[in-house]
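Just below is one structure, and these are the notes that go with it.
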Amino acid sequence: MIELRQVTYAYPDTEAPVLRNLSLEVGEGEFLLVMGTSGSGKSTLLRCLNGLVPHFYGGTFRGEVRVAELDPLTLGPRGMSRMVGFVLQDPESQFVVDSVEDELAFAMENHNVEPSVMRKRVEEVLDQINIAHLRHRKINTLSGGEKQRVAIGAVLALQPQVLVLDEPTSQLDPQAAEEVLTTLQKLNADLGLTVVLSEHRLERVVQYADRLVYLPGSGECPIIGSPQEVLPQVDLQPPLVKLAKSLGWQPLPLTIKEGRRFARAVKLPSPAAHPSTAPADPEPSDAGAMMRMRNLWFSYDGQEALRDVDLSVAPGEFIALMGRNGSGKTTLLKHIVGLLRPERGKVELWGEDARGKDVEDIARRVGYVPQNPGSLLFADTLRDELDFTRRSHGLDTGGYDDLLQSLHLSRLVDSYPRDLSSGEQQRAAMATVLVADPEIILLDEPTRGLDYHQKQTLAEFLSSKQEEGKAIVMSTHDVELVAQCAERVVIMAEGQIVVDGPARQVMSDSMVFSSQISKLFGDDRFATVDDVLAAVQP
């Protein structure tokens, strides 16, 4: 179905190619997972399959690409659109119309599909992706995860033979991600649809893949094979695989079901010898809070988004906001920074009502990194971005070398921010906020586009900020990051806080918002690989 021969590609104004002499064959009906570090060329490889590279991005291209014997280099994205359905990392960048139902029909209208067929396909897609309840919604009112599911549905409506997805679950909650991946697996198994997918959260998708393609970066030769063949050779591994490799489990388990038979043989200490580190009192204290929400209500066009929310944030706290897409997490963060104002109730910052403060005043002490990092990036270089933030806060420019090094951005300081990869943009946006040294740090899905190494670096960086007394409130679907660094978990549903307690206790009691290790052992003492290794080693 897909064949690449000696493909070499370099983006404009760059010397080193991101892909070098890449050859690859993908069979019809295959489920292929492309993995690698951020910036290693995963998105570039996917863009070659429908002609976005080089038609849209320019640059220098050599080699041959064939998809179902069609040439994307000759036909371009328009000519390949019936054959290859493409879902971008940022779903907003591919929306054209205002409403969900119109967006699902738009591509079919451009291909002169009969109205009766269009209606049938729209209904099928609404059911396949489980978004029937969104059909009449305006796209600009959807959460980030809901937008991503609509983008997947829009390309499925053309019934392509090849479906290409660039990090399709990066903004989805665990349950929604499982639903989407199960749908892809069903399309792959029942219809023979060829699926090519890139993803950083391997724990979600690796068990569905027939083969993996690992791109080392710097144009080096890829490693290609089955998950059991590739994963032991690379250092990007989901927690289950990392634990299995450390303890010598063979054959390598890819699912919790496969791992449980090994876990039963692991000799873990008794609770008395190795007690839980979770606090005994799950009720958070309100004493000395930097931020308080009291009886907070808010609606979008009459649709309730927050309902009677009470929340406090103390200095040095690390709080993870979790919940389904559309549960109100982003809306809550926007109220803290003043981008939204409550209809009822109030937000207090350092004991003062935030209603009397401008967003600019709040932003001097509260830093907010939104879901879409591009909304913060507008200058010609990352250095200009950082200097602008420093000046707007009355600070001297420069002096941020340690921050750049912590976020692995030093080599990109003079790059145009919007030319960076998704993960690099995420870290750049974070740097533009953190360079002002805010006292409360608000992060909305900060791990989108980040590989395991970068997430580890982020966790260490945020822990250092926590030790300085900064309060961190992070909205995320990344349960593994939460298990690693959050102390308190707040789970939201339909605009309300339904659970608020110690992270390990909350996650061990949850069937959805729990880490792989929590699911494997069912013990709140063990939420990460390091927890287990520390307990079993003499």
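Every chain in the structure tokens takes a letter, A first, then B, and so on in the order presented; its residues are numbered from 1, and the ligands are numbered from 1 following the presented order.
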
* Which residues, written as a PyMOL selection string, have at least one atom at most 8 Å from A:Gly27, with only C-alpha atoms counted and residues fewer than 5 positions away on the same chain left out? -> chain A and resi 1-2+194

At a cut-off of 12 Å, can you tabulate as a tab-separated table every residue of stretch 435-518 of chain A near stretch 40-55 of chain A together with its closest atom pair and the distance in Å to one decimal, using only C-alpha atoms and ordering rows by chain then number?
residue	atom	partner	partner_atom	distance
A:Gly449	CA	A:Ser43	CA	10.6
A:Leu450	CA	A:Ser40	CA	11.6
A:Asp451	CA	A:Ser40	CA	10.5

Grab the residues selected above and save them as a PDB file, in the first residue's frame with C-alpha atoms.
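This went into out_11.pdb:
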ATOM      1  CA  GLY A 449       4.189  16.552  21.680  1.00  0.00           C
ATOM      2  CA  LEU A 450       6.669  15.601  24.420  1.00  0.00           C
ATOM      3  CA  ASP A 451       8.493  12.272  24.434  1.00  0.00           C
TER       4      ASP A 451
END

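Residue nearest A:Glu258 within the list A:Ala244, A:Leu340, A:Leu215, A:Leu443: A:Ala244 [criterion: smallest interatomic distance, only C-alpha atoms].
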
* Asked: Closest to A:Ser463 among A:Glu123, A:Asp387, A:Glu494, A:Glu317, using only C-alpha atoms?
  -> A:Glu317

* Check the DSSP output for the backbone and give back, as a ChimeraX atom specification, the residues of stretch 79-296 of chain A in strand (DSSP E or B). => /A:84-87,99,138,162-166,194-198,211-215,223-225,291-296

Restricted to N, CA and C atoms, what would the selected residues look like written as an mmCIF file, in the first residue's frame?
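Wrote result_26.cif, looks like this:
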data_model
loop_
_atom_site.group_PDB
_atom_site.id
_atom_site.type_symbol
_atom_site.label_atom_id
_atom_site.label_comp_id
_atom_site.auth_asym_id
_atom_site.auth_seq_id
_atom_site.Cartn_x
_atom_site.Cartn_y
_atom_site.Cartn_z
ATOM 1 N N VAL A 84 -5.834 9.227 1.022
ATOM 2 C CA VAL A 84 -5.163 9.378 2.316
ATOM 3 C C VAL A 84 -5.922 10.389 3.173
ATOM 4 N N GLY A 85 -6.471 9.917 4.272
ATOM 5 C CA GLY A 85 -7.068 10.819 5.256
ATOM 6 C C GLY A 85 -6.019 11.207 6.273
ATOM 7 N N PHE A 86 -5.862 12.518 6.481
ATOM 8 C CA PHE A 86 -4.760 13.006 7.317
ATOM 9 C C PHE A 86 -5.314 13.833 8.471
ATOM 10 N N VAL A 87 -4.921 13.481 9.700
ATOM 11 C CA VAL A 87 -5.323 14.228 10.895
ATOM 12 C C VAL A 87 -4.072 14.850 11.502
ATOM 13 N N SER A 99 -19.708 24.634 12.380
ATOM 14 C CA SER A 99 -20.391 23.612 13.170
ATOM 15 C C SER A 99 -19.809 22.225 12.890
ATOM 16 N N LYS A 138 -21.117 24.398 17.931
ATOM 17 C CA LYS A 138 -20.129 25.223 17.246
ATOM 18 C C LYS A 138 -18.734 24.711 17.623
ATOM 19 N N VAL A 162 -6.157 4.797 3.307
ATOM 20 C CA VAL A 162 -5.056 4.974 4.254
ATOM 21 C C VAL A 162 -5.441 6.100 5.209
ATOM 22 N N LEU A 163 -5.328 5.837 6.492
ATOM 23 C CA LEU A 163 -5.605 6.851 7.504
ATOM 24 C C LEU A 163 -4.304 7.175 8.225
ATOM 25 N N VAL A 164 -3.910 8.443 8.167
ATOM 26 C CA VAL A 164 -2.656 8.914 8.763
ATOM 27 C C VAL A 164 -3.005 9.866 9.909
ATOM 28 N N LEU A 165 -2.481 9.586 11.090
ATOM 29 C CA LEU A 165 -2.824 10.388 12.256
ATOM 30 C C LEU A 165 -1.564 10.787 13.017
ATOM 31 N N ASP A 166 -1.445 12.082 13.270
ATOM 32 C CA ASP A 166 -0.284 12.627 13.971
ATOM 33 C C ASP A 166 -0.687 12.915 15.412
ATOM 34 N N THR A 194 -5.683 0.784 6.093
ATOM 35 C CA THR A 194 -4.283 0.913 6.483
ATOM 36 C C THR A 194 -4.145 2.120 7.390
ATOM 37 N N VAL A 195 -3.564 1.921 8.570
ATOM 38 C CA VAL A 195 -3.437 2.989 9.560
ATOM 39 C C VAL A 195 -1.957 3.249 9.831
ATOM 40 N N VAL A 196 -1.549 4.512 9.670
ATOM 41 C CA VAL A 196 -0.193 4.943 10.010
ATOM 42 C C VAL A 196 -0.338 6.042 11.051
ATOM 43 N N LEU A 197 0.256 5.827 12.196
ATOM 44 C CA LEU A 197 -0.015 6.695 13.336
ATOM 45 C C LEU A 197 1.281 7.002 14.061
ATOM 46 N N SER A 198 1.472 8.264 14.441
ATOM 47 C CA SER A 198 2.598 8.614 15.314
ATOM 48 C C SER A 198 2.044 8.969 16.680
ATOM 49 N N ARG A 211 3.450 -3.269 13.507
ATOM 50 C CA ARG A 211 4.891 -2.979 13.456
ATOM 51 C C ARG A 211 5.149 -1.582 13.994
ATOM 52 N N LEU A 212 6.401 -1.378 14.431
ATOM 53 C CA LEU A 212 6.863 -0.065 14.871
ATOM 54 C C LEU A 212 7.959 0.421 13.939
ATOM 55 N N VAL A 213 7.985 1.729 13.712
ATOM 56 C CA VAL A 213 9.110 2.383 13.041
ATOM 57 C C VAL A 213 9.676 3.395 14.021
ATOM 58 N N TYR A 214 10.887 3.151 14.473
ATOM 59 C CA TYR A 214 11.539 4.067 15.409
ATOM 60 C C TYR A 214 12.516 4.952 14.642
ATOM 61 N N LEU A 215 12.301 6.264 14.704
ATOM 62 C CA LEU A 215 13.186 7.226 14.055
ATOM 63 C C LEU A 215 14.140 7.794 15.099
ATOM 64 N N ILE A 223 14.734 1.949 13.022
ATOM 65 C CA ILE A 223 14.606 0.565 13.470
ATOM 66 C C ILE A 223 13.172 0.139 13.207
ATOM 67 N N ILE A 224 12.981 -0.947 12.460
ATOM 68 C CA ILE A 224 11.651 -1.369 12.031
ATOM 69 C C ILE A 224 11.428 -2.818 12.456
ATOM 70 N N GLY A 225 10.283 -3.104 13.014
ATOM 71 C CA GLY A 225 9.967 -4.475 13.397
ATOM 72 C C GLY A 225 8.725 -4.525 14.262
ATOM 73 N N MET A 291 -4.760 30.870 46.240
ATOM 74 C CA MET A 291 -5.950 31.036 45.418
ATOM 75 C C MET A 291 -7.107 30.272 46.038
ATOM 76 N N ARG A 292 -8.271 30.917 46.049
ATOM 77 C CA ARG A 292 -9.491 30.254 46.516
ATOM 78 C C ARG A 292 -10.605 30.509 45.524
ATOM 79 N N MET A 293 -11.357 29.466 45.224
ATOM 80 C CA MET A 293 -12.602 29.594 44.459
ATOM 81 C C MET A 293 -13.756 29.281 45.406
ATOM 82 N N ARG A 294 -14.793 30.093 45.331
ATOM 83 C CA ARG A 294 -15.935 29.897 46.206
ATOM 84 C C ARG A 294 -17.230 29.915 45.395
ATOM 85 N N ASN A 295 -17.948 28.792 45.411
ATOM 86 C CA ASN A 295 -19.282 28.704 44.800
ATOM 87 C C ASN A 295 -19.275 29.260 43.369
ATOM 88 N N LEU A 296 -18.325 28.779 42.571
ATOM 89 C CA LEU A 296 -18.106 29.344 41.227
ATOM 90 C C LEU A 296 -19.025 28.701 40.195
#

* Any idea what's packed within 10 Å of A:Ser170, counting only C-alpha atoms, ignoring anything in its chain fewer than 5 positions away? Could you give it as a list in words? -> Gln89, Asp90, Gly144, Gly145, Gln148, Ala177, Glu199, His200, Arg201, Glu445, Thr447, Arg448, Gly449, Leu450, Thr476, His477 and Asp478 of chain A

* **Long-range neighbours of A:Asp500 as a PyMOL selection string, 7 Å cut-off, only C-alpha atoms, 2 positions minimum in chain** => chain A and resi 489-491+498

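Here atom CA of A:Val96 and atom CA of A:Phe56 stand 17.4 Å from one another.
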
* To do: Considering only C-alpha atoms, return as a PyMOL selection string whatever protein or nucleic-acid residues lie within 10 Å of A:Leu395, sequence-local ones (same chain, fewer than 5 positions apart) excluded.
  => chain A and resi 387-390+435-436

Just all heavy atoms for this one: save the residues we selected as a PDB file, in the first residue's frame.
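Final output, saved to part_15.pdb:
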ATOM      1  N   ASP A 387      12.366  37.863  25.797  1.00  0.00           N
ATOM      2  CA  ASP A 387      12.668  39.250  26.158  1.00  0.00           C
ATOM      3  C   ASP A 387      11.389  40.089  26.254  1.00  0.00           C
ATOM      4  O   ASP A 387      11.281  40.959  27.128  1.00  0.00           O
ATOM      5  CB  ASP A 387      13.619  39.869  25.130  1.00  0.00           C
ATOM      6  CG  ASP A 387      15.041  39.329  25.253  1.00  0.00           C
ATOM      7  OD1 ASP A 387      15.365  38.758  26.328  1.00  0.00           O
ATOM      8  OD2 ASP A 387      15.820  39.459  24.297  1.00  0.00           O
ATOM      9  N   PHE A 388      10.431  39.824  25.382  1.00  0.00           N
ATOM     10  CA  PHE A 388       9.157  40.560  25.431  1.00  0.00           C
ATOM     11  C   PHE A 388       8.450  40.309  26.759  1.00  0.00           C
ATOM     12  O   PHE A 388       7.936  41.241  27.398  1.00  0.00           O
ATOM     13  CB  PHE A 388       8.259  40.143  24.269  1.00  0.00           C
ATOM     14  CG  PHE A 388       6.891  40.757  24.311  1.00  0.00           C
ATOM     15  CD1 PHE A 388       6.673  42.022  23.790  1.00  0.00           C
ATOM     16  CD2 PHE A 388       5.814  40.091  24.890  1.00  0.00           C
ATOM     17  CE1 PHE A 388       5.415  42.603  23.841  1.00  0.00           C
ATOM     18  CE2 PHE A 388       4.565  40.661  24.949  1.00  0.00           C
ATOM     19  CZ  PHE A 388       4.358  41.924  24.418  1.00  0.00           C
ATOM     20  N   THR A 389       8.401  39.034  27.167  1.00  0.00           N
ATOM     21  CA  THR A 389       7.763  38.712  28.446  1.00  0.00           C
ATOM     22  C   THR A 389       8.478  39.396  29.601  1.00  0.00           C
ATOM     23  O   THR A 389       7.836  39.973  30.496  1.00  0.00           O
ATOM     24  CB  THR A 389       7.760  37.188  28.675  1.00  0.00           C
ATOM     25  OG1 THR A 389       7.063  36.544  27.620  1.00  0.00           O
ATOM     26  CG2 THR A 389       7.083  36.839  29.994  1.00  0.00           C
ATOM     27  N   ARG A 390       9.795  39.376  29.596  1.00  0.00           N
ATOM     28  CA  ARG A 390      10.559  40.009  30.674  1.00  0.00           C
ATOM     29  C   ARG A 390      10.278  41.514  30.719  1.00  0.00           C
ATOM     30  O   ARG A 390      10.035  42.065  31.807  1.00  0.00           O
ATOM     31  CB  ARG A 390      12.053  39.765  30.458  1.00  0.00           C
ATOM     32  CG  ARG A 390      12.495  38.308  30.492  1.00  0.00           C
ATOM     33  CD  ARG A 390      12.682  37.786  31.871  1.00  0.00           C
ATOM     34  NE  ARG A 390      13.754  38.465  32.597  1.00  0.00           N
ATOM     35  CZ  ARG A 390      14.097  38.152  33.848  1.00  0.00           C
ATOM     36  NH1 ARG A 390      13.450  37.209  34.496  1.00  0.00           N
ATOM     37  NH2 ARG A 390      15.074  38.803  34.454  1.00  0.00           N
ATOM     38  N   VAL A 435       9.555  32.399  32.240  1.00  0.00           N
ATOM     39  CA  VAL A 435      10.674  33.333  32.301  1.00  0.00           C
ATOM     40  C   VAL A 435      10.359  34.525  33.196  1.00  0.00           C
ATOM     41  O   VAL A 435      11.267  35.213  33.675  1.00  0.00           O
ATOM     42  CB  VAL A 435      11.063  33.795  30.870  1.00  0.00           C
ATOM     43  CG1 VAL A 435      10.020  34.771  30.313  1.00  0.00           C
ATOM     44  CG2 VAL A 435      12.450  34.405  30.836  1.00  0.00           C
ATOM     45  N   ALA A 436       9.068  34.763  33.467  1.00  0.00           N
ATOM     46  CA  ALA A 436       8.670  35.846  34.368  1.00  0.00           C
ATOM     47  C   ALA A 436       8.621  35.388  35.824  1.00  0.00           C
ATOM     48  O   ALA A 436       8.274  36.183  36.700  1.00  0.00           O
ATOM     49  CB  ALA A 436       7.314  36.398  33.952  1.00  0.00           C
TER      50      ALA A 436
END

* Asked: Pick the closest to A:Met35 from A:Asp353, A:Glu146, A:Asp524, A:Glu167: which is it, counting only C-alpha atoms?
  -> A:Glu167

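Interatomic distance, atom CA of A:Pro216 against atom CA of A:Val18: 10.4 Å.
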